[in-house]
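Structure data (mmCIF, C-alpha atoms and all ligand atoms) from entry-v1.cif:
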```cif
data_query
loop_
_atom_site.label_atom_id
_atom_site.label_comp_id
_atom_site.auth_asym_id
_atom_site.auth_seq_id
_atom_site.Cartn_x
_atom_site.Cartn_y
_atom_site.Cartn_z
CA MET A 1 -8.97 5.46 17.86
CA LYS A 2 -6.09 4.13 15.83
CA GLU A 3 -5.44 5.65 12.43
CA ARG A 4 -6.27 3.50 9.45
CA VAL A 5 -3.70 2.09 7.06
CA LEU A 6 -4.36 0.32 3.79
CA SER A 7 -2.03 -1.41 1.39
CA GLY A 8 -2.16 -4.09 -1.24
CA MET A 9 0.13 -6.40 -3.14
CA ARG A 10 -0.30 -8.17 -6.43
CA PRO A 11 -0.30 -11.95 -6.17
CA THR A 12 2.87 -12.63 -8.11
CA GLY A 13 3.63 -15.95 -6.39
CA ALA A 14 6.24 -16.65 -3.75
CA LEU A 15 7.56 -13.38 -2.36
CA HIS A 16 11.27 -12.69 -2.29
CA LEU A 17 13.65 -10.87 0.02
CA GLY A 18 13.08 -7.63 -1.89
CA HIS A 19 9.39 -7.75 -0.99
CA TYR A 20 10.24 -8.59 2.59
CA HIS A 21 12.76 -5.82 3.21
CA GLY A 22 11.00 -3.35 0.93
CA ALA A 23 7.41 -3.70 2.13
CA LEU A 24 6.36 -6.61 4.26
CA LYS A 25 8.65 -5.90 7.20
CA ASN A 26 7.09 -2.46 7.34
CA TRP A 27 3.56 -3.89 7.20
CA VAL A 28 4.39 -6.12 10.15
CA ARG A 29 5.67 -3.18 12.16
CA LEU A 30 2.60 -1.06 11.39
CA GLN A 31 0.06 -3.67 12.43
CA SER A 32 0.62 -3.03 16.12
CA GLU A 33 0.62 0.76 15.75
CA MET A 34 -2.38 1.36 13.51
CA GLU A 35 -5.57 -0.20 12.24
CA CYS A 36 -4.21 -2.03 9.21
CA TYR A 37 -6.01 -3.44 6.18
CA TYR A 38 -3.87 -5.48 3.80
CA PHE A 39 -5.29 -7.02 0.68
CA VAL A 40 -4.42 -9.27 -2.21
CA ALA A 41 -4.78 -7.12 -5.32
CA ASP A 42 -5.90 -9.91 -7.64
CA TRP A 43 -7.76 -7.65 -10.04
CA HIS A 44 -4.60 -5.58 -10.33
CA ALA A 45 -2.70 -8.67 -11.39
CA LEU A 46 -5.20 -9.02 -14.23
CA THR A 47 -4.52 -5.51 -15.50
CA THR A 48 -1.18 -6.73 -16.81
CA HIS A 49 -1.70 -10.53 -16.94
CA TYR A 50 -5.25 -10.89 -18.15
CA GLU A 51 -4.45 -13.93 -20.23
CA ASN A 52 -2.99 -16.09 -17.42
CA ARG A 53 -6.03 -17.31 -15.61
CA GLU A 54 -4.41 -20.40 -14.14
CA VAL A 55 -1.72 -18.78 -12.00
CA ILE A 56 -3.78 -16.46 -9.91
CA GLU A 57 -5.52 -18.70 -7.38
CA LYS A 58 -2.39 -20.56 -6.41
CA ASN A 59 -0.49 -17.30 -6.14
CA VAL A 60 -3.12 -15.71 -3.93
CA TYR A 61 -2.85 -18.23 -1.13
CA GLU A 62 0.88 -18.71 -1.51
CA MET A 63 1.31 -14.99 -1.01
CA VAL A 64 -0.96 -14.91 2.02
CA ILE A 65 1.11 -17.70 3.57
CA ASP A 66 4.19 -15.57 2.95
CA TRP A 67 2.50 -12.66 4.70
CA LEU A 68 1.67 -14.82 7.70
CA ALA A 69 5.16 -16.31 7.67
CA ALA A 70 6.66 -12.83 7.69
CA GLY A 71 4.68 -12.05 10.83
CA LEU A 72 1.36 -10.53 9.83
CA ASP A 73 -1.01 -11.52 12.59
CA PRO A 74 -4.68 -11.88 11.66
CA ASN A 75 -5.59 -10.86 15.21
CA GLN A 76 -3.88 -7.54 14.71
CA CYS A 77 -4.58 -6.70 11.09
CA THR A 78 -7.24 -7.42 8.50
CA ILE A 79 -6.21 -9.56 5.54
CA PHE A 80 -8.58 -9.76 2.59
CA LEU A 81 -9.09 -10.42 -1.09
CA GLN A 82 -9.99 -7.59 -3.45
CA SER A 83 -12.18 -9.56 -5.87
CA LYS A 84 -14.44 -10.74 -3.03
CA ILE A 85 -15.49 -7.16 -2.39
CA PRO A 86 -17.24 -5.97 -5.55
CA GLU A 87 -17.80 -2.58 -3.90
CA HIS A 88 -14.25 -1.73 -5.02
CA ALA A 89 -15.48 -2.10 -8.62
CA GLU A 90 -18.58 -0.07 -7.91
CA LEU A 91 -16.60 2.83 -6.53
CA PHE A 92 -14.14 2.54 -9.42
CA THR A 93 -17.03 2.84 -11.88
CA LEU A 94 -18.56 5.81 -10.12
CA LEU A 95 -15.22 7.61 -9.84
CA SER A 96 -14.47 6.93 -13.48
CA MET A 97 -17.40 9.12 -14.55
CA GLY A 98 -15.74 12.34 -13.50
CA THR A 99 -12.05 11.47 -13.78
CA PRO A 100 -10.35 13.18 -16.74
CA ILE A 101 -8.52 10.73 -19.01
CA GLY A 102 -5.51 13.05 -18.96
CA TRP A 103 -5.05 12.42 -15.24
CA LEU A 104 -4.56 8.72 -15.96
CA GLU A 105 -2.39 9.18 -19.05
CA ARG A 106 -0.09 11.42 -17.03
CA VAL A 107 0.55 8.84 -14.27
CA PRO A 108 4.28 8.07 -14.80
CA THR A 109 3.86 4.29 -14.43
CA TYR A 110 1.49 4.22 -17.43
CA LYS A 111 4.08 4.91 -20.13
CA ASP A 112 6.96 3.35 -18.13
CA GLN A 113 5.28 0.00 -17.75
CA GLN A 114 4.08 -0.08 -21.34
CA GLU A 115 7.66 0.38 -22.40
CA LYS A 116 9.08 -2.11 -19.90
CA LEU A 117 6.56 -4.84 -20.62
CA LYS A 118 6.90 -4.67 -24.37
CA ASP A 119 5.94 -8.32 -24.81
CA ARG A 120 2.41 -7.60 -23.57
CA ASP A 121 -0.37 -5.63 -25.12
CA LEU A 122 -1.06 -3.01 -22.50
CA SER A 123 -3.06 -0.60 -24.59
CA THR A 124 -6.14 -1.73 -22.72
CA TYR A 125 -8.81 0.16 -20.90
CA GLY A 126 -8.07 -1.78 -17.70
CA PHE A 127 -4.41 -0.90 -17.74
CA LEU A 128 -5.08 2.79 -18.24
CA GLY A 129 -7.66 2.71 -15.45
CA TYR A 130 -5.64 0.73 -12.96
CA PRO A 131 -4.45 3.69 -10.88
CA LEU A 132 -8.08 4.71 -10.52
CA LEU A 133 -8.95 1.21 -9.33
CA GLN A 134 -6.15 1.66 -6.81
CA ALA A 135 -7.71 4.98 -5.79
CA ALA A 136 -11.01 3.18 -5.20
CA ASP A 137 -9.21 0.50 -3.12
CA ILE A 138 -7.85 3.19 -0.86
CA LEU A 139 -10.78 5.58 -0.68
CA ILE A 140 -13.34 2.91 0.08
CA TYR A 141 -11.63 2.30 3.45
CA ARG A 142 -11.17 6.01 4.16
CA ALA A 143 -7.57 5.13 4.89
CA LYS A 144 -5.34 7.82 6.28
CA TYR A 145 -2.02 6.21 5.36
CA VAL A 146 -0.92 4.09 2.42
CA PRO A 147 2.48 2.43 2.82
CA VAL A 148 3.95 2.13 -0.67
CA GLY A 149 7.30 2.29 -2.42
CA GLU A 150 8.48 5.34 -4.32
CA ASP A 151 7.17 3.85 -7.59
CA GLN A 152 3.60 4.00 -6.29
CA ALA A 153 3.71 7.51 -4.82
CA SER A 154 2.12 9.01 -7.93
CA HIS A 155 -0.86 6.68 -7.49
CA VAL A 156 -1.48 7.98 -4.00
CA GLU A 157 -1.19 11.52 -5.34
CA LEU A 158 -3.82 10.72 -7.97
CA THR A 159 -6.00 9.26 -5.20
CA ARG A 160 -5.84 12.55 -3.34
CA GLU A 161 -6.89 14.47 -6.42
CA VAL A 162 -9.75 12.08 -7.09
CA ALA A 163 -10.98 12.43 -3.50
CA ARG A 164 -10.75 16.19 -3.62
CA ARG A 165 -12.70 16.32 -6.85
CA PHE A 166 -15.32 13.94 -5.50
CA ASN A 167 -15.82 15.99 -2.35
CA HIS A 168 -15.99 19.14 -4.41
CA LEU A 169 -18.59 17.72 -6.81
CA TYR A 170 -20.71 15.80 -4.34
CA GLY A 171 -19.81 17.10 -0.88
CA ARG A 172 -22.83 19.36 -0.87
CA GLU A 173 -26.28 17.97 -0.36
CA PHE A 174 -29.08 18.98 -2.72
CA ASP A 175 -30.63 20.99 0.09
CA TYR A 176 -27.27 22.22 1.34
CA GLU A 177 -28.32 25.82 1.97
CA ASP A 178 -31.40 24.81 3.95
CA GLN A 179 -29.41 22.34 6.00
CA ILE A 180 -26.83 24.97 6.90
CA LYS A 181 -29.57 27.44 7.78
CA ARG A 182 -31.18 24.85 10.01
CA VAL A 183 -27.94 24.06 11.82
CA LEU A 184 -27.10 27.72 12.30
CA SER A 185 -30.56 28.39 13.71
CA THR A 186 -29.76 26.13 16.66
CA LEU A 187 -26.92 28.46 17.71
CA PRO A 188 -27.18 31.82 19.53
CA ALA A 189 -27.42 34.75 17.13
CA ASP A 190 -24.19 36.42 18.27
CA SER A 191 -22.24 33.16 17.81
CA VAL A 192 -23.62 32.87 14.28
CA LYS A 193 -22.44 36.39 13.60
CA ARG A 194 -18.94 35.52 14.82
CA LEU A 195 -18.89 32.33 12.77
CA GLU A 196 -19.88 34.19 9.62
CA LYS A 197 -17.14 36.72 10.26
CA SER A 198 -14.50 34.01 10.76
CA ARG A 199 -15.70 32.17 7.67
CA LYS A 200 -15.26 35.29 5.61
CA LYS A 201 -11.84 36.02 7.10
CA PHE A 202 -10.70 32.52 6.24
CA GLN A 203 -12.21 32.13 2.80
CA GLU A 204 -11.44 35.64 1.56
CA LEU A 205 -8.24 36.48 3.41
CA GLY A 206 -6.86 32.99 4.16
CA ASP A 207 -6.86 33.72 7.90
CA ALA A 208 -6.18 30.26 9.32
CA SER A 209 -6.44 31.29 12.95
CA ALA A 210 -9.94 32.65 12.34
CA LEU A 211 -10.91 29.23 10.98
CA GLU A 212 -9.26 27.47 13.88
CA GLY A 213 -11.22 29.52 16.39
CA ALA A 214 -14.48 28.87 14.58
CA LEU A 215 -13.83 25.11 14.35
CA GLY A 216 -12.97 25.06 18.03
CA PHE A 217 -16.34 26.62 18.76
CA VAL A 218 -18.16 24.13 16.52
CA ASN A 219 -16.50 21.20 18.25
CA GLU A 220 -17.74 22.41 21.61
CA GLN A 221 -21.38 22.39 20.48
CA SER A 222 -22.35 19.09 21.99
CA HIS A 223 -25.99 19.46 20.98
CA LEU A 224 -25.03 19.07 17.30
CA SER A 225 -24.98 15.62 15.71
CA THR A 226 -21.72 14.47 14.16
CA HIS A 227 -23.25 14.93 10.75
CA ASP A 228 -24.32 18.49 11.49
CA ARG A 229 -20.91 19.29 12.88
CA GLU A 230 -19.36 18.01 9.65
CA ARG A 231 -21.80 20.10 7.62
CA LEU A 232 -20.85 23.18 9.55
CA THR A 233 -17.14 22.41 9.29
CA GLY A 234 -17.47 22.08 5.51
CA TYR A 235 -19.41 25.33 5.38
CA LEU A 236 -16.70 27.19 7.28
CA LYS A 237 -13.85 25.72 5.23
CA GLY A 238 -15.74 26.06 1.98
CA THR A 239 -15.07 22.45 1.08
CA GLY A 240 -18.40 20.78 1.57
CA GLN A 241 -18.39 17.50 3.42
CA GLU A 242 -15.40 15.22 3.38
CA ILE A 243 -17.08 12.09 2.05
CA LEU A 244 -13.84 10.57 0.83
CA LEU A 245 -10.66 11.09 2.82
CA GLU A 246 -7.47 12.30 1.14
CA PRO A 247 -4.83 9.71 2.09
CA LEU A 248 -1.12 10.20 2.63
CA ALA A 249 1.59 7.98 1.20
CA LEU A 250 3.78 6.40 3.85
CA LEU A 251 6.89 6.00 1.75
CA THR A 252 8.81 2.84 2.47
CA GLU A 253 12.52 3.13 2.03
CA ALA A 254 13.64 1.41 -1.15
CA SER A 255 14.76 -2.11 -0.42
CA ARG A 256 18.49 -2.41 0.04
CA VAL A 257 18.53 -6.06 -1.06
CA PRO A 258 19.97 -6.35 -4.53
CA GLY A 259 19.42 -9.42 -6.64
CA LEU A 260 21.96 -12.24 -6.77
CA ASP A 261 23.61 -10.51 -9.71
CA GLY A 262 23.65 -7.06 -8.13
CA ALA A 263 20.72 -5.75 -10.24
CA LYS A 264 17.31 -5.09 -8.66
CA MET A 265 15.87 -8.28 -7.20
CA SER A 266 12.98 -9.42 -9.36
CA LYS A 267 11.41 -12.74 -10.12
CA SER A 268 11.44 -11.98 -13.82
CA TYR A 269 15.21 -11.38 -13.77
CA ASN A 270 15.71 -14.80 -12.18
CA ASN A 271 17.98 -13.32 -9.51
CA SER A 272 15.81 -13.63 -6.44
CA ILE A 273 15.78 -15.48 -3.14
CA ALA A 274 12.34 -16.41 -1.86
CA ILE A 275 11.46 -15.44 1.70
CA ARG A 276 10.98 -19.14 2.39
CA GLU A 277 13.73 -20.59 0.27
CA GLU A 278 14.73 -24.25 0.59
CA LYS A 279 17.98 -24.48 2.51
CA SER A 280 19.86 -26.34 -0.22
CA SER A 281 18.61 -24.05 -2.94
CA LEU A 282 19.57 -21.00 -0.89
CA GLU A 283 23.09 -22.36 -0.39
CA GLN A 284 23.42 -23.05 -4.07
CA LYS A 285 22.15 -19.66 -5.12
CA VAL A 286 24.49 -17.75 -2.84
CA ARG A 287 27.51 -19.95 -3.69
CA ARG A 288 26.93 -19.27 -7.37
CA MET A 289 26.66 -15.53 -6.93
CA PRO A 290 29.07 -13.52 -9.05
CA THR A 291 31.71 -11.62 -7.07
CA ASP A 292 34.20 -8.87 -7.83
CA PRO A 293 35.24 -9.75 -11.41
CA ALA A 294 38.85 -8.92 -10.50
CA ARG A 295 39.00 -12.02 -8.29
CA VAL A 296 39.49 -14.65 -10.95
CA LYS A 297 41.90 -16.77 -8.94
CA ARG A 298 41.86 -17.35 -5.20
CA THR A 299 45.08 -15.34 -4.92
CA ASP A 300 43.69 -12.24 -6.69
CA VAL A 301 42.78 -9.41 -4.34
CA GLY A 302 39.28 -7.91 -4.56
CA ASP A 303 37.19 -4.94 -3.50
CA PRO A 304 33.91 -5.50 -1.63
CA GLU A 305 32.51 -2.29 -3.10
CA LYS A 306 32.53 -4.01 -6.48
CA CYS A 307 30.87 -7.19 -5.25
CA PRO A 308 27.13 -7.93 -4.87
CA VAL A 309 27.90 -10.25 -1.94
CA TRP A 310 29.03 -7.22 0.05
CA GLN A 311 25.53 -5.72 -0.22
CA PHE A 312 24.25 -8.79 1.57
CA HIS A 313 26.89 -8.43 4.28
CA LEU A 314 25.63 -4.90 4.83
CA LEU A 315 22.20 -6.30 5.49
CA TYR A 316 22.99 -9.51 7.34
CA SER A 317 26.43 -9.32 8.95
CA THR A 318 27.80 -7.88 12.17
CA GLU A 319 30.49 -5.20 12.30
CA ASN A 320 33.08 -7.84 13.08
CA THR A 321 32.19 -10.00 10.13
CA ARG A 322 32.25 -7.00 7.83
CA ALA A 323 35.72 -6.03 9.03
CA TRP A 324 36.81 -9.63 8.39
CA VAL A 325 35.39 -9.44 4.84
CA ILE A 326 37.09 -6.14 3.96
CA GLU A 327 40.43 -7.26 5.30
CA GLY A 328 40.23 -10.76 3.81
CA CYS A 329 38.98 -9.62 0.41
CA LYS A 330 41.52 -6.85 -0.05
CA SER A 331 44.41 -9.11 0.94
CA ALA A 332 43.14 -12.28 -0.74
CA GLY A 333 43.22 -13.73 2.76
CA ILE A 334 39.79 -15.35 2.36
CA GLY A 335 38.18 -17.07 -0.59
CA CYS A 336 34.82 -15.98 -1.97
CA LEU A 337 33.07 -19.18 -0.90
CA GLU A 338 34.32 -18.63 2.63
CA CYS A 339 33.11 -15.05 2.48
CA LYS A 340 29.64 -16.17 1.48
CA GLU A 341 29.14 -18.49 4.46
CA PRO A 342 28.07 -15.78 6.93
CA VAL A 343 25.60 -14.46 4.35
CA ILE A 344 24.04 -17.88 3.96
CA ASN A 345 23.81 -18.20 7.74
CA GLY A 346 22.35 -14.72 8.09
CA ILE A 347 19.59 -15.39 5.60
CA LEU A 348 18.91 -18.82 7.08
CA SER A 349 18.47 -17.44 10.55
CA GLU A 350 16.17 -14.72 9.27
CA GLN A 351 14.07 -17.33 7.49
CA GLN A 352 13.98 -19.93 10.26
CA PRO A 353 11.13 -18.27 12.20
CA MET A 354 9.27 -17.66 8.94
CA LEU A 355 9.47 -21.32 7.97
CA GLU A 356 8.20 -22.25 11.42
CA ARG A 357 5.31 -19.81 11.22
CA ALA A 358 4.37 -21.05 7.75
CA GLU A 359 4.38 -24.71 8.74
CA PRO A 360 0.85 -25.00 10.22
CA TYR A 361 -0.60 -23.14 7.23
CA MET A 362 1.21 -25.33 4.75
CA SER A 363 -0.09 -28.48 6.37
CA ASN A 364 -3.58 -27.10 6.78
CA PRO A 365 -4.40 -24.67 3.96
CA LYS A 366 -7.97 -24.44 5.21
CA ILE A 367 -6.84 -22.12 7.99
CA VAL A 368 -5.45 -19.71 5.44
CA ARG A 369 -8.74 -19.60 3.60
CA GLU A 370 -10.56 -18.98 6.86
CA ILE A 371 -8.27 -16.11 7.75
CA VAL A 372 -8.90 -14.51 4.38
CA GLU A 373 -12.64 -15.09 4.66
CA MET A 374 -12.82 -13.51 8.09
CA GLY A 375 -10.77 -10.52 7.00
CA THR A 376 -12.89 -10.13 3.89
CA GLU A 377 -16.10 -10.09 5.96
CA LYS A 378 -14.72 -7.36 8.13
CA ALA A 379 -13.39 -5.27 5.24
CA ARG A 380 -16.64 -5.65 3.36
CA ARG A 381 -18.61 -4.01 6.17
CA VAL A 382 -16.35 -0.95 6.00
CA ALA A 383 -16.56 -0.82 2.21
CA GLN A 384 -20.34 -1.11 2.28
CA ALA A 385 -20.69 1.74 4.74
CA THR A 386 -18.59 4.02 2.55
CA MET A 387 -20.62 3.07 -0.52
CA GLN A 388 -23.84 4.05 1.25
CA ASP A 389 -22.45 7.55 1.73
CA VAL A 390 -21.07 7.67 -1.79
CA ARG A 391 -24.35 6.58 -3.35
CA SER A 392 -26.36 9.03 -1.38
CA ALA A 393 -23.91 11.87 -2.13
CA MET A 394 -24.25 11.11 -5.83
CA GLY A 395 -28.03 10.97 -5.62
CA LEU A 396 -28.17 7.22 -6.18
CA ASN A 397 -30.13 6.06 -3.17
CA TYR A 398 -33.46 5.70 -4.83
N1 LIG B 401 -0.63 -1.13 -7.40
C1 LIG B 401 0.06 -1.78 -6.32
C2 LIG B 401 1.23 -2.55 -6.89
O1 LIG B 401 1.27 -2.82 -8.06
C3 LIG B 401 -0.84 -2.71 -5.57
C4 LIG B 401 -2.03 -2.02 -5.03
C5 LIG B 401 -3.28 -2.09 -5.52
C6 LIG B 401 -2.08 -1.14 -3.92
N2 LIG B 401 -4.13 -1.32 -4.79
C7 LIG B 401 -3.43 -0.73 -3.80
C8 LIG B 401 -1.12 -0.65 -3.02
C9 LIG B 401 -3.83 0.17 -2.82
C10 LIG B 401 -1.53 0.26 -2.05
C11 LIG B 401 -2.88 0.66 -1.94
O2 LIG B 401 2.13 -2.87 -6.14
FE1 LIG B 402 33.03 -10.49 -2.82
FE2 LIG B 402 33.68 -11.58 -0.50
FE3 LIG B 402 34.76 -12.45 -2.79
FE4 LIG B 402 35.45 -10.09 -1.83
S1 LIG B 402 35.82 -12.05 -0.87
S2 LIG B 402 34.95 -10.56 -3.94
S3 LIG B 402 33.51 -9.41 -0.94
S4 LIG B 402 32.64 -12.57 -2.18
#
```

Could you render the structure from this file as structure tokens?
Amino acid sequence: MKERVLSGMRPTGALHLGHYHGALKNWVRLQSEMECYYFVADWHALTTHYENREVIEKNVYEMVIDWLAAGLDPNQCTIFLQSKIPEHAELFTLLSMGTPIGWLERVPTYKDQQEKLKDRDLSTYGFLGYPLLQAADILIYRAKYVPVGEDQASHVELTREVARRFNHLYGREFDYEDQIKRVLSTLPADSVKRLEKSRKKFQELGDASALEGALGFVNEQSHLSTHDRERLTGYLKGTGQEILLEPLALLTEASRVPGLDGAKMSKSYNNSIAIREEKSSLEQKVRRMPTDPARVKRTDVGDPEKCPVWQFHLLYSTENTRAWVIEGCKSAGIGCLECKEPVINGILSEQQPMLERAEPYMSNPKIVREIVEMGTEKARRVAQATMQDVRSAMGLNY
């Protein structure tokens, strides 16, 4: 069985090259290696933009088209919409009962974002709780890996703590002791004795090999149901059952694409190139890019290290072209417009297949909706199954 991956993105409208090189390209690669669930985090968009109700719907489908254009294949991965699966909200509510407020206040993005987005009132309950909503998003799919950027690593860490606490609080059934007794009674007495000894060695002395031996034995007991084997495993480890899985962050390397002005590419800085940019607009944007400030006149020499265009050559140009840039820039042998041509061509050829892939979806938006609906159906079944276990662990299945 393939390992499960889950990730989400806020619907912020047309995605740019930073999203592509920083996240999406990685999502595309993972879809053939693992069982991937990718979702539109529309509720998350509301945690910071709760007053803009008109933008969200358009942004949702525009972003999904970008995903498909970038190469996500609905036959290989599951694409869905968060707000269509209310189970995320249910798990969020249940988790919120036992999550200390301090855990949320200490998430680094909480204070950071409040300071960065000064023009918005973010002293809301939803904004404080948003990393816990993210934890619910992840835990409800029992995902093993969560591809995220460095900025989101603390959210995955919080998710692990929340899962651990949940399993600790609710991983034991009401009749836990009786259940364990019953399971043990199906094993030969001398094996039970050895298991008890190993359990003690592990829990009191931290003897990992004792635990390993005992777990090996448990796994060989084919007469036990999966559930009973899990019970016994929890008993030996002292953890109770693993109802929610602690996920691991799959850190994506920070995107190496700077914005047109050399700062981080961001829509709000107005320095971005969309992943499906119009050809003429792309040409214009790149031609207007600032270059090494020392090159005022065509005859002034420059230094690529001081020029944002060079960062694009690093991403899009061949060795030969780069050598041509260094030589031409330092000797004033080439002009900046000339230097930018290969960058324009590089981006255009990267985007050509994306534009082609997007075309059928643009002309028939119904297909996009169908893809999202199908993915949502599939994701919902997984979410519902987890919620059954969660409800019963919390004593809510009456
Ligand atoms: N918080 C993420 C962001 O702002 C989006 C997100 C929501 C997410 N839920 C998630 C990412 C679960 C990974 C897993 O970019
Ligand atoms: Fe930048 Fe190229 Fe101009 Fe040099 S020649 S300053 S690298 S755009």

Can you tell me which residues surround Leu133 of chain A at a distance of at most 10 Å, considering only C-alpha atoms, apart from same-chain residues fewer than 5 positions away, and format the answer as a list in words?
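Counting only C-alpha atoms, the residues come to Trp43, His44, His88, Ala89, Glu90, Leu91, Phe92, Thr93, Leu95, Ser96, Gly126, Phe127, Leu128, Ile138, Leu139, His155 and Thr159 of chain A.
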
At what distance in Å, to one decimal, does atom CA of Asp66 of chain A lie from atom CA of Glu278 of chain A?
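Spanning atom CA of Glu278 of chain A to atom CA of Asp66 of chain A is a straight-line distance of 13.9 Å.
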
Residues at most 9 Å from ligand LIG 401 (chain B), using only C-alpha atoms and all ligand atoms? Could they come as a VMD selection string?
chain A and resid 6 to 10 38 to 45 82 130 to 131 133 to 138 146 to 149 151 to 152 155 to 156 249

Compile the contact shell of Ile273 of chain A as a ChimeraX atom specification: residues with an atom at most 10 Å away, counting all atoms listed in the file, same-chain residues fewer than 6 positions apart removed.
/A:14-18,259-260,265-267,281-282,285-286,347

With all atoms listed in the file counted and 9 Å as the cut-off, give the residues of chain A in contact with ligand LIG 402 (chain B), each with its shortest interatomic distance in Å and the pair that gives it, as a tab-separated table.
```
residue	atom	partner	partner_atom	distance
A:Met289	CA	B:LIG402	S4	8.2
A:Pro290	CA	B:LIG402	S4	7.8
A:Thr291	CA	B:LIG402	FE1	4.6
A:Asp292	CA	B:LIG402	S2	4.3
A:Pro293	CA	B:LIG402	S2	7.5
A:Ala294	CA	B:LIG402	S2	7.8
A:Arg295	CA	B:LIG402	S2	6.1
A:Arg298	CA	B:LIG402	FE3	9.0
A:Val301	CA	B:LIG402	FE4	7.8
A:Gly302	CA	B:LIG402	S2	5.1
A:Asp303	CA	B:LIG402	FE4	5.7
A:Pro304	CA	B:LIG402	S3	4.0
A:Glu305	CA	B:LIG402	S3	7.5
A:Lys306	CA	B:LIG402	S2	7.4
A:Cys307	CA	B:LIG402	FE1	4.6
A:Pro308	CA	B:LIG402	FE1	6.8
A:Val309	CA	B:LIG402	FE1	5.2
A:Trp310	CA	B:LIG402	S3	5.1
A:Gln311	CA	B:LIG402	S3	8.8
A:His313	CA	B:LIG402	S3	8.5
A:Val325	CA	B:LIG402	FE2	6.0
A:Ile326	CA	B:LIG402	S3	6.9
A:Gly328	CA	B:LIG402	S1	6.6
A:Cys329	CA	B:LIG402	S1	4.2
A:Lys330	CA	B:LIG402	FE4	7.1
A:Ala332	CA	B:LIG402	S1	7.3
A:Gly333	CA	B:LIG402	S1	8.4
A:Ile334	CA	B:LIG402	S1	6.1
A:Gly335	CA	B:LIG402	S1	5.6
A:Cys336	CA	B:LIG402	FE3	3.6
A:Leu337	CA	B:LIG402	S4	6.7
A:Glu338	CA	B:LIG402	S1	7.6
A:Cys339	CA	B:LIG402	FE2	4.6
A:Lys340	CA	B:LIG402	S4	5.9
```

Tell me, as a list in words, which residues lie within 8 Å of Ala210 of chain A, counting only C-alpha atoms; anything in the same chain fewer than 6 positions away does not count.
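Result of the neighbour search: Ser198, Arg199, Lys201 and Phe202 of chain A.
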
Can you pull out every residue within 12 Å of segment 215-232 of chain A, counting all atoms listed in the file, but drop anything in the same chain fewer than 4 positions away, and send it as a PDB file with C-alpha atoms, in the frame of the given file?
```pdb
ATOM      1  CA  GLY A 171     -19.810  17.100  -0.880  1.00  0.00           C
ATOM      2  CA  ARG A 172     -22.830  19.360  -0.870  1.00  0.00           C
ATOM      3  CA  GLU A 173     -26.280  17.970  -0.360  1.00  0.00           C
ATOM      4  CA  ASP A 175     -30.630  20.990   0.090  1.00  0.00           C
ATOM      5  CA  TYR A 176     -27.270  22.220   1.340  1.00  0.00           C
ATOM      6  CA  GLU A 177     -28.320  25.820   1.970  1.00  0.00           C
ATOM      7  CA  ASP A 178     -31.400  24.810   3.950  1.00  0.00           C
ATOM      8  CA  GLN A 179     -29.410  22.340   6.000  1.00  0.00           C
ATOM      9  CA  ILE A 180     -26.830  24.970   6.900  1.00  0.00           C
ATOM     10  CA  LYS A 181     -29.570  27.440   7.780  1.00  0.00           C
ATOM     11  CA  ARG A 182     -31.180  24.850  10.010  1.00  0.00           C
ATOM     12  CA  VAL A 183     -27.940  24.060  11.820  1.00  0.00           C
ATOM     13  CA  LEU A 184     -27.100  27.720  12.300  1.00  0.00           C
ATOM     14  CA  SER A 185     -30.560  28.390  13.710  1.00  0.00           C
ATOM     15  CA  THR A 186     -29.760  26.130  16.660  1.00  0.00           C
ATOM     16  CA  LEU A 187     -26.920  28.460  17.710  1.00  0.00           C
ATOM     17  CA  PRO A 188     -27.180  31.820  19.530  1.00  0.00           C
ATOM     18  CA  SER A 191     -22.240  33.160  17.810  1.00  0.00           C
ATOM     19  CA  VAL A 192     -23.620  32.870  14.280  1.00  0.00           C
ATOM     20  CA  ARG A 194     -18.940  35.520  14.820  1.00  0.00           C
ATOM     21  CA  LEU A 195     -18.890  32.330  12.770  1.00  0.00           C
ATOM     22  CA  GLU A 196     -19.880  34.190   9.620  1.00  0.00           C
ATOM     23  CA  SER A 198     -14.500  34.010  10.760  1.00  0.00           C
ATOM     24  CA  ARG A 199     -15.700  32.170   7.670  1.00  0.00           C
ATOM     25  CA  PHE A 202     -10.700  32.520   6.240  1.00  0.00           C
ATOM     26  CA  ALA A 208      -6.180  30.260   9.320  1.00  0.00           C
ATOM     27  CA  SER A 209      -6.440  31.290  12.950  1.00  0.00           C
ATOM     28  CA  ALA A 210      -9.940  32.650  12.340  1.00  0.00           C
ATOM     29  CA  LEU A 211     -10.910  29.230  10.980  1.00  0.00           C
ATOM     30  CA  LEU A 236     -16.700  27.190   7.280  1.00  0.00           C
ATOM     31  CA  LYS A 237     -13.850  25.720   5.230  1.00  0.00           C
ATOM     32  CA  GLY A 238     -15.740  26.060   1.980  1.00  0.00           C
ATOM     33  CA  THR A 239     -15.070  22.450   1.080  1.00  0.00           C
ATOM     34  CA  GLY A 240     -18.400  20.780   1.570  1.00  0.00           C
ATOM     35  CA  GLN A 241     -18.390  17.500   3.420  1.00  0.00           C
ATOM     36  CA  GLU A 242     -15.400  15.220   3.380  1.00  0.00           C
ATOM     37  CA  ILE A 243     -17.080  12.090   2.050  1.00  0.00           C
ATOM     38  CA  ASP A 389     -22.450   7.550   1.730  1.00  0.00           C
TER      39      ASP A 389
END
```
